[in-house]
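Novice: One structure is given below, represented as structure tokens, and several questions about it will come after.
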Amino acid sequence: MSDNRPGLLIVFEGTDGTGKSTQLKLLATVLVERGFSVVSTFEPSNGIYGTQIRELFTNRKKISPEEELDLFLADRKDHVDKLIAPSLKGGKIILCDRYYLSTIAYQGAAGLDPDHILARNDFAPVPDLALLFHAPLATGIQRITEGRGDTLNDFEKEDYLQKVATQFEQLQLPCIKRIDAERDIEAIHQDVLALVNPLLRSL
Ligand code: TYD
């Protein structure tokens with residue numbers, strides 16, 4: 001476990017429409033049934049900066065990539081201080097839908113240096129496990145537009161998402177475990193459990 005802390009931080013990462021949110025919910029249900037204390041959360045958070053970020057979704061060009069990075073970092077600091085750090089200290093299992101790997105991939109795809117982005121995240125607790133869901137872009141886009149009944153927002157435009165996918169593919173961090181997300185939900189869930197189970201022994 002990282003930092004000798006009592007809890008666990010498991011993050012769910014990948015391009016949009018890879019099914020990571022569904023897998024987070026399935027894992028949360030199993031862990032709660034087994035009696036663990038689970039905190040399910042997400043970024044951008046619903047704090048003040050996260051709310052500002054969501055407003056950006058529809059008119060992205062108004063701010064520069066640097067300003068965008070600053071906002072995601074401000075949101076993360078707020079989220080870490082208010083929820084993630086206290087929950088880790090309290091021995092909880094935190095399941096977070098997106099974290100700093102998303103910042104590296106999305107703001108990296110917007111032109112910023114991935115190593116610089118990682119360095120700017122040095123305040124954020126390192127995940128015990130980062131589940132990185134991979135699926136072909138077309139599958140993700142189809143899931144967004146058909147499954148969710150949505151149109152693509154500015155963060156989801158296809159050429160940009162292709163760059164994001166490339167960033168995710170190139171990411172190499174010790175906490176990362178890659179998951180083939182182009183399979184049925186139950187098969188993916190079993191993979192997630194196999195990766196999470198060994199970590200639970202330390203709780
Ligand atoms: P998300 O809430 O997963 O989207 P949705 O509600 O549509 O499922 O994330 C919102 C978008 O924010 C997503 O396209 C990725 C982007 N994002 C970044 O660009 N940088 C970040 O650091 C994070 C956490 C998200």
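Chain labels A, B, ... are given in the sequence in which chains occur in the structure tokens; within each chain residues are numbered consecutively from 1, and ligands are likewise numbered from 1 in the order shown.
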Show me which residues line ligand 1, defined as having an atom within 7 Å of a ligand atom where only C-alpha atoms and all ligand atoms count, and present them as a list in words.
Specialist: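 The neighbouring residues of ligand 1 are, in order, Asp16, Glu43, Pro44, Phe72, Asp97, Arg98, Tyr99, Tyr100, Ser102, Thr103, Tyr106, Gln107, Phe155 and Glu156 of chain A.
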Novice: So that I can see what lies close to range 141-143 of chain A, please list as a ChimeraX atom specification the residues with an atom at most 8 Å from it, counting only C-alpha atoms and leaving out residues fewer than 5 positions away in the same chain.
Specialist: /A:16-18,148,152,158
Novice: For those residues, write C-alpha atoms to a file as a tab-separated table (two decimals), in the first residue's frame.
Specialist:
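Ended up saving to result.tsv:
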chain	number	residue	atom	x	y	z
A	16	ASP	CA	-15.21	8.30	-22.55
A	17	GLY	CA	-17.62	5.42	-23.10
A	18	THR	CA	-15.29	2.59	-22.03
A	148	ARG	CA	-26.42	7.58	-23.27
A	152	LEU	CA	-20.49	14.52	-27.95
A	158	GLU	CA	-13.43	12.43	-32.20
Novice: Per DSSP on the backbone, filter range 2-203 of chain A down to the residues in alpha helix (DSSP H) and report them as JSON, numbers by chain.
Specialist: {"A": [20, 21, 22, 23, 24, 25, 26, 27, 28, 29, 30, 31, 32, 33, 48, 49, 50, 51, 52, 53, 54, 55, 56, 65, 66, 67, 68, 69, 70, 71, 72, 73, 74, 75, 76, 77, 78, 79, 85, 86, 87, 88, 89, 100, 101, 102, 103, 104, 105, 106, 107, 108, 109, 114, 115, 116, 117, 118, 119, 120, 137, 138, 139, 140, 141, 142, 158, 159, 160, 161, 162, 163, 164, 165, 166, 167, 168, 169, 170, 185, 186, 187, 188, 189, 190, 191, 192, 193, 194, 195, 196, 197, 198, 199, 200]}
Novice: Using DSSP assignments from the backbone, pull out every residue in range 10-50 of chain A that falls under strand (DSSP E or B) and give it to me as an MDAnalysis selection string.
Specialist: chainID A and resid 10:14 38:42
Novice: Just to be explicit: take each residue in the selection above, keep N, CA and C atoms, and write the result as a PDB file, in the first residue's frame.
Specialist:
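So the final result, stored in out07.pdb, reads:
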ATOM      1  N   ILE A  10      -8.506   3.527  -5.326  1.00  0.00           N
ATOM      2  CA  ILE A  10      -8.592   2.824  -6.611  1.00  0.00           C
ATOM      3  C   ILE A  10      -9.246   3.774  -7.604  1.00  0.00           C
ATOM      4  N   VAL A  11      -8.552   4.044  -8.710  1.00  0.00           N
ATOM      5  CA  VAL A  11      -9.108   4.997  -9.684  1.00  0.00           C
ATOM      6  C   VAL A  11      -9.454   4.290 -10.983  1.00  0.00           C
ATOM      7  N   PHE A  12     -10.481   4.804 -11.639  1.00  0.00           N
ATOM      8  CA  PHE A  12     -11.015   4.218 -12.880  1.00  0.00           C
ATOM      9  C   PHE A  12     -10.752   5.205 -13.996  1.00  0.00           C
ATOM     10  N   GLU A  13      -9.982   4.770 -14.990  1.00  0.00           N
ATOM     11  CA  GLU A  13      -9.532   5.693 -16.018  1.00  0.00           C
ATOM     12  C   GLU A  13      -9.744   5.140 -17.423  1.00  0.00           C
ATOM     13  N   GLY A  14      -9.793   6.038 -18.385  1.00  0.00           N
ATOM     14  CA  GLY A  14      -9.927   5.636 -19.785  1.00  0.00           C
ATOM     15  C   GLY A  14     -10.666   6.708 -20.561  1.00  0.00           C
ATOM     16  N   VAL A  38     -16.930   1.939   1.825  1.00  0.00           N
ATOM     17  CA  VAL A  38     -16.577   2.387   0.477  1.00  0.00           C
ATOM     18  C   VAL A  38     -17.039   3.828   0.244  1.00  0.00           C
ATOM     19  N   VAL A  39     -16.166   4.609  -0.374  1.00  0.00           N
ATOM     20  CA  VAL A  39     -16.536   5.966  -0.788  1.00  0.00           C
ATOM     21  C   VAL A  39     -16.436   6.006  -2.309  1.00  0.00           C
ATOM     22  N   SER A  40     -17.563   6.189  -2.991  1.00  0.00           N
ATOM     23  CA  SER A  40     -17.546   6.309  -4.456  1.00  0.00           C
ATOM     24  C   SER A  40     -17.575   7.786  -4.818  1.00  0.00           C
ATOM     25  N   THR A  41     -16.643   8.183  -5.668  1.00  0.00           N
ATOM     26  CA  THR A  41     -16.579   9.599  -6.012  1.00  0.00           C
ATOM     27  C   THR A  41     -16.091   9.764  -7.452  1.00  0.00           C
ATOM     28  N   PHE A  42     -15.950  11.009  -7.892  1.00  0.00           N
ATOM     29  CA  PHE A  42     -15.617  11.248  -9.303  1.00  0.00           C
ATOM     30  C   PHE A  42     -14.953  12.610  -9.473  1.00  0.00           C
TER      31      PHE A  42
END
Novice: Could you list, as a list of chain:residue names, every residue within 12 Å of Val126 in chain A, counting only C-alpha atoms and ignoring same-chain residues fewer than 4 positions away?
Specialist: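 These residues fall inside the cut-off: A:Met1, A:Ser2, A:Asp3, A:Asn4, A:Arg5, A:Leu8, A:Leu9, A:Ile10, A:Val11, A:Val80, A:Ile84, A:Ala85, A:Leu88, A:Tyr99, A:Tyr100, A:Leu101, A:Leu118, A:Ala119, A:Asn121, A:Asp122, A:Ala130, A:Leu173, A:Pro174, A:Cys175, A:Ile176.
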Novice: Out of A:Ala194, A:Ala105, A:Ile117, A:Leu199, which residue has the shortest atom-to-atom distance to Glu66 in chain A when counting only C-alpha atoms?
Specialist: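 Answer, going by the shortest atom-to-atom distance: A:Ile117.
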Novice: CA of His189 in chain A and CA of Gln23 in chain A are how many Å apart?
Specialist: 6.3 Å
